[in-house]
2 protein chains.
Amino acid sequence: MRALTRLLRAKAATTRLLNVGLQAEHGLSLNDYEALYLLSQAEGRRLKRVELSRRLLLTPSGVTRLLEGLEAAGFVERTVCPSDLRVAYAQLTEAGAEKLAVASCGHVGSIRELFETHFTDEELDELSELLGRLPGVALGDDSCPAA
Amino acid sequence: MRALTRLLRAKAATTRLLNVGLQAEHGLSLNDYEALYLLSQAEGRRLKRVELSRRLLLTPSGVTRLLEGLEAAGFVERTVCPSDLRVAYAQLTEAGAEKLAVASCGHVGSIRELFETHFTDEELDELSELLGRLPGVALGDDSCPAA
DNA sequence: GAGGATAGATTGACAACGCAAGTATTGCCA
DNA sequence: TGGCAATACTTGCGTTGTCAATCTATCCTC
């Protein structure tokens, strides 16, 4: 119960902090960044929208809205799947990859700063292990190259 | 970094789960509930709006919007502070207290179910201790009577 | 005490996201 | 092969919460 309220507040606090940084420096939301990152790690730099929805824990409509912005900015393109005309891939563009690279510098810096001043490495592992047990959290796991 | 993405997803997953339950059964959002709860624990069952904003980690305008709904439903009233005409207290009404009591039954049940199937008591303590270190998370601490 | 800085609160415009409903495509099964 | 369920996605609408601007009340300083 206390754990719950802290979980809620922890999310609110951290997203606010990181969001303003990303927004101010690169005009990206935290979800924008996550989406670009997931795409960059994916095979062929593309992902089905359903897959993004699962990984980002957004509803399909949320993904559509998110990608609208990213497409308008030229960071992703929609491509179709020849074998199944229902699916629309989100394909990372060269511009998107560059944007991600640039934004990563400052962003992972902020994250490290935020977390490493409060936790040791072991505690971070502990924390993510615990959070990973909640239903749906540890889905498309991300092998985390940059940090 | 993995910790961060899991934190974000953990919040998204849990709020969605708990929100739909609360919403369906009692027409309250999670923040509505938290606000009622904080008021019920406060001295005289009232709190300054600024205080609510700190505790719920909402902006002041967020608090105003939240209380709009609660006032319309008759669960809180606004009262003024005689010594400082700027502050407007949010005062829990009798109806609000009853609503909270009724909603608590099912709600803390859901929470326990969600958390206790995945964690032991020690792990919950560990988790909330860790989360509490993030800036701003462990503010108005809540001495947690019900669970 | 007058004047400016500051704190508490509200309002309007806006972005993000969920839900429900709708469309299009595919797979299943008789 | 025809029909029906399921899947992938989009769109309209409502809710929630933020930000920037504003108003009032209080405090602080001269």
# chains A, B, ... in the order shown; residues from 1 in each chain; ligands from 1
call {"tool": "closest_atom_pairs", "arguments": {"of": "chain B", "to": "chain A", "cutoff": "7 Å", "atoms": "only C-alpha atoms", "output": "tab-separated table"}}
result
residue	atom	partner	partner_atom	distance
B:Met1	CA	A:Ala147	CA	6.0
B:Arg2	CA	A:Ser128	CA	6.7
B:Ala3	CA	A:Ser128	CA	4.5
B:Arg6	CA	A:Val137	CA	6.1
B:Leu7	CA	A:Lys11	CA	6.5
B:Leu8	CA	A:Lys11	CA	6.0
B:Arg9	CA	A:Val137	CA	5.6
B:Ala10	CA	A:Val137	CA	5.7
B:Lys11	CA	A:Leu8	CA	6.0
B:Ala12	CA	A:Leu57	CA	6.9
B:Ala13	CA	A:Gly136	CA	6.9
B:Leu57	CA	A:Arg9	CA	6.4
B:Ile111	CA	A:Met1	CA	6.9
B:His118	CA	A:Arg133	CA	6.3
B:Leu124	CA	A:Ala3	CA	6.4
B:Leu127	CA	A:Ala3	CA	6.6
B:Ser128	CA	A:Ala3	CA	4.5
B:Leu131	CA	A:Arg6	CA	6.2
B:Gly132	CA	A:Arg6	CA	6.5
B:Arg133	CA	A:His118	CA	6.3
B:Leu134	CA	A:Ala10	CA	6.5
B:Gly136	CA	A:Ala13	CA	6.8
B:Val137	CA	A:Arg9	CA	5.6
B:Cys144	CA	A:Arg2	CA	6.8
B:Ala147	CA	A:Met1	CA	6.0
call {"tool": "interface_residues", "arguments": {"of": "chain A", "to": "chain D", "cutoff": "9 Å", "atoms": "only C-alpha atoms (C1' of nucleotides)", "output": "list of chain:residue names"}}
result
A:Arg49, A:Val50, A:Pro60, A:Ser61, A:Thr64, A:Leu85, A:Arg86, A:Val87, A:Ala88
call {"tool": "write_last_selection", "arguments": {"atoms": "C-alpha atoms", "output": "CSV table (one decimal), in the first residue's frame"}}
result
chain,number,residue,atom,x,y,z
A,49,ARG,CA,2.6,-1.4,-34.2
A,50,VAL,CA,1.1,-4.1,-32.1
A,60,PRO,CA,-3.1,0.7,-30.0
A,61,SER,CA,-4.6,4.1,-30.3
A,64,THR,CA,-1.1,5.5,-33.5
A,85,LEU,CA,-1.8,-6.3,-45.5
A,86,ARG,CA,-3.3,-5.5,-42.1
A,87,VAL,CA,0.0,-4.8,-40.4
A,88,ALA,CA,1.8,-1.5,-40.8
call {"tool": "closest_atom_pairs", "arguments": {"of": "chain C", "to": "chain A", "cutoff": "10 Å", "atoms": "only C-alpha atoms (C1' of nucleotides)", "output": "CSV"}}
result
residue,atom,partner,partner_atom,distance
C:DA16,C1',A:Gly62,CA,8.3
C:DC17,C1',A:Gly62,CA,6.0
C:DG18,C1',A:Thr59,CA,7.3
C:DC19,C1',A:Ser61,CA,9.6
C:DA24,C1',A:Arg86,CA,7.1
C:DT25,C1',A:Arg86,CA,5.4
C:DT26,C1',A:Asp84,CA,7.6
call {"tool": "select_by_dssp", "arguments": {"residues": "region 12-87 of chain B", "states": "strand (DSSP E or B)", "output": "PyMOL selection string"}}
result
chain B and resi 46-48+76-80
call {"tool": "write_last_selection", "arguments": {"atoms": "C-alpha atoms", "output": "mmCIF file, in the first residue's frame"}}
result
data_model
loop_
_atom_site.group_PDB
_atom_site.id
_atom_site.type_symbol
_atom_site.label_atom_id
_atom_site.label_comp_id
_atom_site.auth_asym_id
_atom_site.auth_seq_id
_atom_site.Cartn_x
_atom_site.Cartn_y
_atom_site.Cartn_z
ATOM 1 C CA ARG B 46 -8.949 19.169 5.785
ATOM 2 C CA LEU B 47 -5.871 20.120 3.890
ATOM 3 C CA LYS B 48 -4.607 23.113 2.050
ATOM 4 C CA VAL B 76 -15.329 17.582 -0.269
ATOM 5 C CA GLU B 77 -16.182 21.197 0.453
ATOM 6 C CA ARG B 78 -14.036 24.247 0.168
ATOM 7 C CA THR B 79 -13.578 26.241 3.311
ATOM 8 C CA VAL B 80 -11.510 29.324 3.831
#
call {"tool": "closest_residue", "arguments": {"among": "B:Leu52, B:Leu18, B:Leu70, B:Leu39", "to": "His107 (chain B)", "atoms": "only C-alpha atoms"}}
result
B:Leu18
call {"tool": "atom_distance", "arguments": {"atom1": "CA of Ala73 (chain A)", "atom2": "CA of Gly96 (chain A)"}}
result
8.7 Å
call {"tool": "atom_distance", "arguments": {"atom1": "CA of Asp32 (chain A)", "atom2": "CA of Leu100 (chain A)"}}
result
9.7 Å
call {"tool": "closest_residue", "arguments": {"among": "B:Glu51, B:Phe75, B:Gly69, B:Leu38", "to": "DG8 (chain C)", "atoms": "only C-alpha atoms (C1' of nucleotides)"}}
result
B:Glu51
call {"tool": "select_by_dssp", "arguments": {"residues": "chain A", "states": "alpha helix (DSSP H)", "output": "ChimeraX atom specification"}}
result
/A:2-26,30-41,49-56,60-72,94-116,121-132
call {"tool": "atom_distance", "arguments": {"atom1": "CA of Glu68 (chain B)", "atom2": "CA of Ala90 (chain B)"}}
result
10.6 Å
